[in-house]
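Peer 1: I am attaching a structure below and will ask some questions about it afterwards.
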Amino acid sequence: MPPGQQSSEDKIIKTVKAIKKCGWRTTNKFVKGFYNSSQAAQSLCYQPKTDYGPKHILTAWMSKAPSSNAKAHLNLVVTQKAAEIMVKESTKACHNKDLCLSALGINAEHINSEFGLQKIKKTYDTLLPCLTLLLSTLLTAQNNYERKNDTEKIGKHDMAAKVVVVIISILLFFRNRATNAFQVMMGVFLSSLGVSRRVIDTFNHMGLSVNYHVRNLRTVQTSLQNLSEDAKNRAQSFVKKSKRCWAVVYDNRLNSATQQINATTSAVFSLPASFSRKAYAAALSIAEKNKFAGLRQLLNIDSLRPGKERHEQAAAAFKHAIQTIILNNCPGKMRHCQPAKALPLNKEEASVSGTIRVVEKIFTELLGLAMEMIEVELRLLVGDWLTIRNLRLMKDERWDEFKSFLRFDWVQEAAMPFHFQLNVMYMLCETHLGTVSLSKPESNYIRDAP
């Protein structure tokens, strides 16, 4: 029979006989010898968009095992080879610099980029393709519910990708403690939530976080200190180089049930571009502000009554505020804002004297501004009502100082919107309902006025 008309089975029988005639005892020995020779290169080459021959050979082996024992041993051999590949991948990953994050190397860029998790995931996909594929395939495999209802859980692949990052991070951290990029970020994240040291150390034992503080090693505490220093440098660069107007906000952020903890934090943020120094030169001028000093003593009831112009201005401002709230909370609306530069403060700001120390430290030490530079224009300080009250009392206490800087003439306090609205509510309630010491509400005087 001509070779072109022979069946595949006939060709295989003749080939096996020819192999044995050439001195090969078994077909397996021939296959082993062939793939160990220089002749195997062509058959192992991979061409994109074509079927890969070795894949089909392996599939045939797995499906044609003559017994369960042979099939189990073949599966074991494949598993062992896959394990060897994953060990080599993990060894390469353990020596990758992007996955070894020193506590002194962390900065605000890591925090602002979703704690660097996307970068970690891309590194895992590149360096650990076998392990990533194994875990992803296992986590996204159909369960009984999906198989029964012929459907797939919504968001399963996205959730699986996150779980893969966590699992690989734990495995690498267990093998090499220096491969800790994920754990450092997790430790900083837990600390930002106010988690106790014991919880962070527990996460460390689970391989999910670095420890809090042990013998000055790479710890959460060291990372936080470095982040504070980085924030300080960024804030100084921002206020000295940026042409945008900016403001400072600060507050006590932490209290203890048994003792007072001075954990005042502050941040520098830029105002919208429309708030330029050119447009608001008069508003930022200390001299212009001083022209209005003492005019509150001339206030009376008639001067407090808003006229037609003020009514129209208030109505326009109210409409604008409502429109802004709606726009900012529209689904899918992109928000464009300058990120705040956080600054650490180890001072208390609950008292007037503490407020003085806090304000001086923010501008002279943390922002690194000279006194002569600070007092050239008004500096906006934003805070809650207690902060605003202390800022005003601070200026009252220093009114007799000779220097403008020490009198804090350059400080312009501004209440946060929530606290401003809260005080408006207090005013309305006292106006219409009265207070404990005032039996007749002020609204009655207004109603009875001619």
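Labels used: A, B, ... for chains in the order of the structure tokens, numbers from 1 for residues in each chain, and numbers from 1 for ligands as shown.
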Using only C-alpha atoms, which residues sit within 6 Å of range 375-381 of chain A once same-chain residues fewer than 3 positions away are excluded, as an NGL selection string?
Peer 2: :A and (247-249 or 284-286 or 372 or 405 or 410-413)
Peer 1: Out of range 180-260 of chain A, which residues get alpha helix (DSSP H) from DSSP, as a VMD selection string?
Peer 2: chain A and resid 181 to 192 197 to 205 220 to 241
Peer 1: Next, dump the selected residues to file, keeping only N, CA and C atoms, as a tab-separated table (two decimals), in the first residue's frame.
Peer 2:
```tsv
chain	number	residue	atom	x	y	z
A	181	ALA	N	6.90	43.79	50.51
A	181	ALA	CA	6.22	44.98	49.98
A	181	ALA	C	4.75	45.00	50.39
A	182	PHE	N	4.08	43.88	50.25
A	182	PHE	CA	2.66	43.79	50.64
A	182	PHE	C	2.50	43.96	52.13
A	183	GLN	N	3.37	43.33	52.91
A	183	GLN	CA	3.23	43.36	54.37
A	183	GLN	C	3.48	44.76	54.94
A	184	VAL	N	4.43	45.50	54.36
A	184	VAL	CA	4.68	46.87	54.84
A	184	VAL	C	3.45	47.73	54.58
A	185	MET	N	2.88	47.62	53.38
A	185	MET	CA	1.70	48.40	53.06
A	185	MET	C	0.53	48.03	53.96
A	186	MET	N	0.37	46.75	54.23
A	186	MET	CA	-0.71	46.31	55.09
A	186	MET	C	-0.52	46.83	56.52
A	187	GLY	N	0.72	46.84	56.99
A	187	GLY	CA	0.99	47.36	58.33
A	187	GLY	C	0.67	48.84	58.45
A	188	VAL	N	1.05	49.61	57.43
A	188	VAL	CA	0.74	51.04	57.43
A	188	VAL	C	-0.77	51.25	57.35
A	189	PHE	N	-1.44	50.45	56.53
A	189	PHE	CA	-2.90	50.57	56.40
A	189	PHE	C	-3.59	50.27	57.73
A	190	LEU	N	-3.18	49.20	58.40
A	190	LEU	CA	-3.78	48.86	59.69
A	190	LEU	C	-3.53	49.96	60.71
A	191	SER	N	-2.34	50.51	60.70
A	191	SER	CA	-2.03	51.57	61.65
A	191	SER	C	-2.87	52.82	61.38
A	192	SER	N	-3.14	53.11	60.09
A	192	SER	CA	-3.96	54.27	59.76
A	192	SER	C	-5.40	54.12	60.24
A	197	ARG	N	-1.36	47.65	68.54
A	197	ARG	CA	-0.10	46.97	68.24
A	197	ARG	C	-0.26	45.46	68.30
A	198	ARG	N	-1.08	44.98	69.21
A	198	ARG	CA	-1.27	43.53	69.34
A	198	ARG	C	-1.90	42.95	68.08
A	199	VAL	N	-2.87	43.66	67.50
A	199	VAL	CA	-3.51	43.17	66.27
A	199	VAL	C	-2.50	43.14	65.13
A	200	ILE	N	-1.68	44.18	65.02
A	200	ILE	CA	-0.68	44.23	63.95
A	200	ILE	C	0.32	43.08	64.11
A	201	ASP	N	0.75	42.80	65.32
A	201	ASP	CA	1.66	41.69	65.55
A	201	ASP	C	1.00	40.35	65.23
A	202	THR	N	-0.31	40.24	65.49
A	202	THR	CA	-1.05	39.02	65.13
A	202	THR	C	-1.07	38.84	63.61
A	203	PHE	N	-1.31	39.91	62.88
A	203	PHE	CA	-1.26	39.85	61.42
A	203	PHE	C	0.15	39.48	60.95
A	204	ASN	N	1.16	39.92	61.70
A	204	ASN	CA	2.54	39.56	61.36
A	204	ASN	C	2.77	38.06	61.48
A	205	HIS	N	2.23	37.46	62.52
A	205	HIS	CA	2.37	36.01	62.68
A	205	HIS	C	1.64	35.25	61.58
A	220	VAL	N	6.33	48.86	61.31
A	220	VAL	CA	5.30	49.84	61.01
A	220	VAL	C	5.67	51.19	61.59
A	221	GLN	N	6.20	51.20	62.79
A	221	GLN	CA	6.56	52.46	63.44
A	221	GLN	C	7.60	53.22	62.62
A	222	THR	N	8.61	52.52	62.13
A	222	THR	CA	9.64	53.16	61.32
A	222	THR	C	9.05	53.68	60.02
A	223	SER	N	8.13	52.92	59.42
A	223	SER	CA	7.48	53.36	58.18
A	223	SER	C	6.69	54.63	58.40
A	224	LEU	N	5.96	54.70	59.51
A	224	LEU	CA	5.17	55.89	59.80
A	224	LEU	C	6.07	57.11	60.01
A	225	GLN	N	7.19	56.91	60.68
A	225	GLN	CA	8.12	58.02	60.88
A	225	GLN	C	8.68	58.51	59.55
A	226	ASN	N	8.99	57.58	58.65
A	226	ASN	CA	9.52	57.99	57.35
A	226	ASN	C	8.45	58.67	56.51
A	227	LEU	N	7.20	58.20	56.61
A	227	LEU	CA	6.10	58.86	55.90
A	227	LEU	C	5.90	60.28	56.40
A	228	SER	N	6.04	60.48	57.70
A	228	SER	CA	5.90	61.82	58.27
A	228	SER	C	6.98	62.75	57.74
A	229	GLU	N	8.20	62.25	57.67
A	229	GLU	CA	9.29	63.07	57.16
A	229	GLU	C	9.08	63.38	55.67
A	230	ASP	N	8.60	62.38	54.92
A	230	ASP	CA	8.34	62.60	53.50
A	230	ASP	C	7.23	63.62	53.30
A	231	ALA	N	6.18	63.55	54.14
A	231	ALA	CA	5.09	64.52	54.05
A	231	ALA	C	5.58	65.92	54.37
A	232	LYS	N	6.46	66.02	55.34
A	232	LYS	CA	7.03	67.33	55.70
A	232	LYS	C	7.80	67.92	54.52
A	233	ASN	N	8.64	67.13	53.88
A	233	ASN	CA	9.43	67.62	52.75
A	233	ASN	C	8.53	68.02	51.58
A	234	ARG	N	7.48	67.24	51.32
A	234	ARG	CA	6.58	67.55	50.23
A	234	ARG	C	5.80	68.84	50.51
A	235	ALA	N	5.38	69.01	51.75
A	235	ALA	CA	4.63	70.21	52.10
A	235	ALA	C	5.51	71.46	51.97
A	236	GLN	N	6.76	71.36	52.42
A	236	GLN	CA	7.66	72.49	52.29
A	236	GLN	C	7.89	72.86	50.83
A	237	SER	N	8.09	71.86	50.00
A	237	SER	CA	8.29	72.11	48.57
A	237	SER	C	7.04	72.73	47.94
A	238	PHE	N	5.88	72.27	48.39
A	238	PHE	CA	4.63	72.76	47.82
A	238	PHE	C	4.40	74.24	48.14
A	239	VAL	N	4.54	74.62	49.42
A	239	VAL	CA	4.23	76.00	49.81
A	239	VAL	C	5.28	76.98	49.27
A	240	LYS	N	6.49	76.51	49.00
A	240	LYS	CA	7.54	77.41	48.51
A	240	LYS	C	7.54	77.54	46.99
A	241	LYS	N	7.11	76.51	46.28
A	241	LYS	CA	7.20	76.52	44.82
A	241	LYS	C	5.86	76.71	44.12
```
Peer 1: Using DSSP secondary structure from the backbone, list all strand (DSSP E) positions within range 62-289 of chain A, as a list of chain:residue names.
Peer 2: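 Output for range 62-289 of chain A, strand (DSSP E) only: A:Trp246, A:Ala247, A:Val248, A:Val249, A:Tyr250, A:Asp251, A:Asn252, A:Thr264, A:Thr265, A:Ser266, A:Ala267, A:Val268, A:Phe269, A:Ser270.
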Peer 1: At a cut-off of 12 Å, using only C-alpha atoms, what residues contact Asp98 in chain A? Leave out same-chain residues fewer than 4 positions from it and give the result as number ranges by chain.
Peer 2: A: 92-94, 102, 105-106, 110, 116-117, 119-124, 127, 178-182
Peer 1: Measuring atom to atom with only C-alpha atoms, identify which of A:Val87, A:Leu208, A:Ser196, A:Thr355 is nearest to Val166 in chain A.
Peer 2: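 Checking each of A:Val87, A:Leu208, A:Ser196, A:Thr355 against Val166 in chain A, counting only C-alpha atoms, the winner is A:Leu208.
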Peer 1: Compile the contact shell of Gln142 in chain A as a list of chain:residue names: residues with an atom at most 9 Å away, counting only C-alpha atoms, same-chain residues fewer than 4 positions apart removed.
Peer 2: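 Contacts, with the query itself left out: A:Glu146, A:Arg147, A:Glu152.
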Peer 1: Export C-alpha atoms of the chosen residues as an mmCIF file, in the first residue's frame?
Peer 2:
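So the final result, stored in again.cif, reads:
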```
data_model
loop_
_atom_site.group_PDB
_atom_site.id
_atom_site.type_symbol
_atom_site.label_atom_id
_atom_site.label_comp_id
_atom_site.auth_asym_id
_atom_site.auth_seq_id
_atom_site.Cartn_x
_atom_site.Cartn_y
_atom_site.Cartn_z
ATOM 1 C CA GLU A 146 -22.570 27.761 39.253
ATOM 2 C CA ARG A 147 -22.645 24.351 37.642
ATOM 3 C CA GLU A 152 -21.032 32.643 37.100
#
```
Peer 1: As an exercise, work out the distance from CA of Leu172 in chain A to CA of Ser136 in chain A in Å and give it to one decimal place.
Peer 2: 16.9 Å
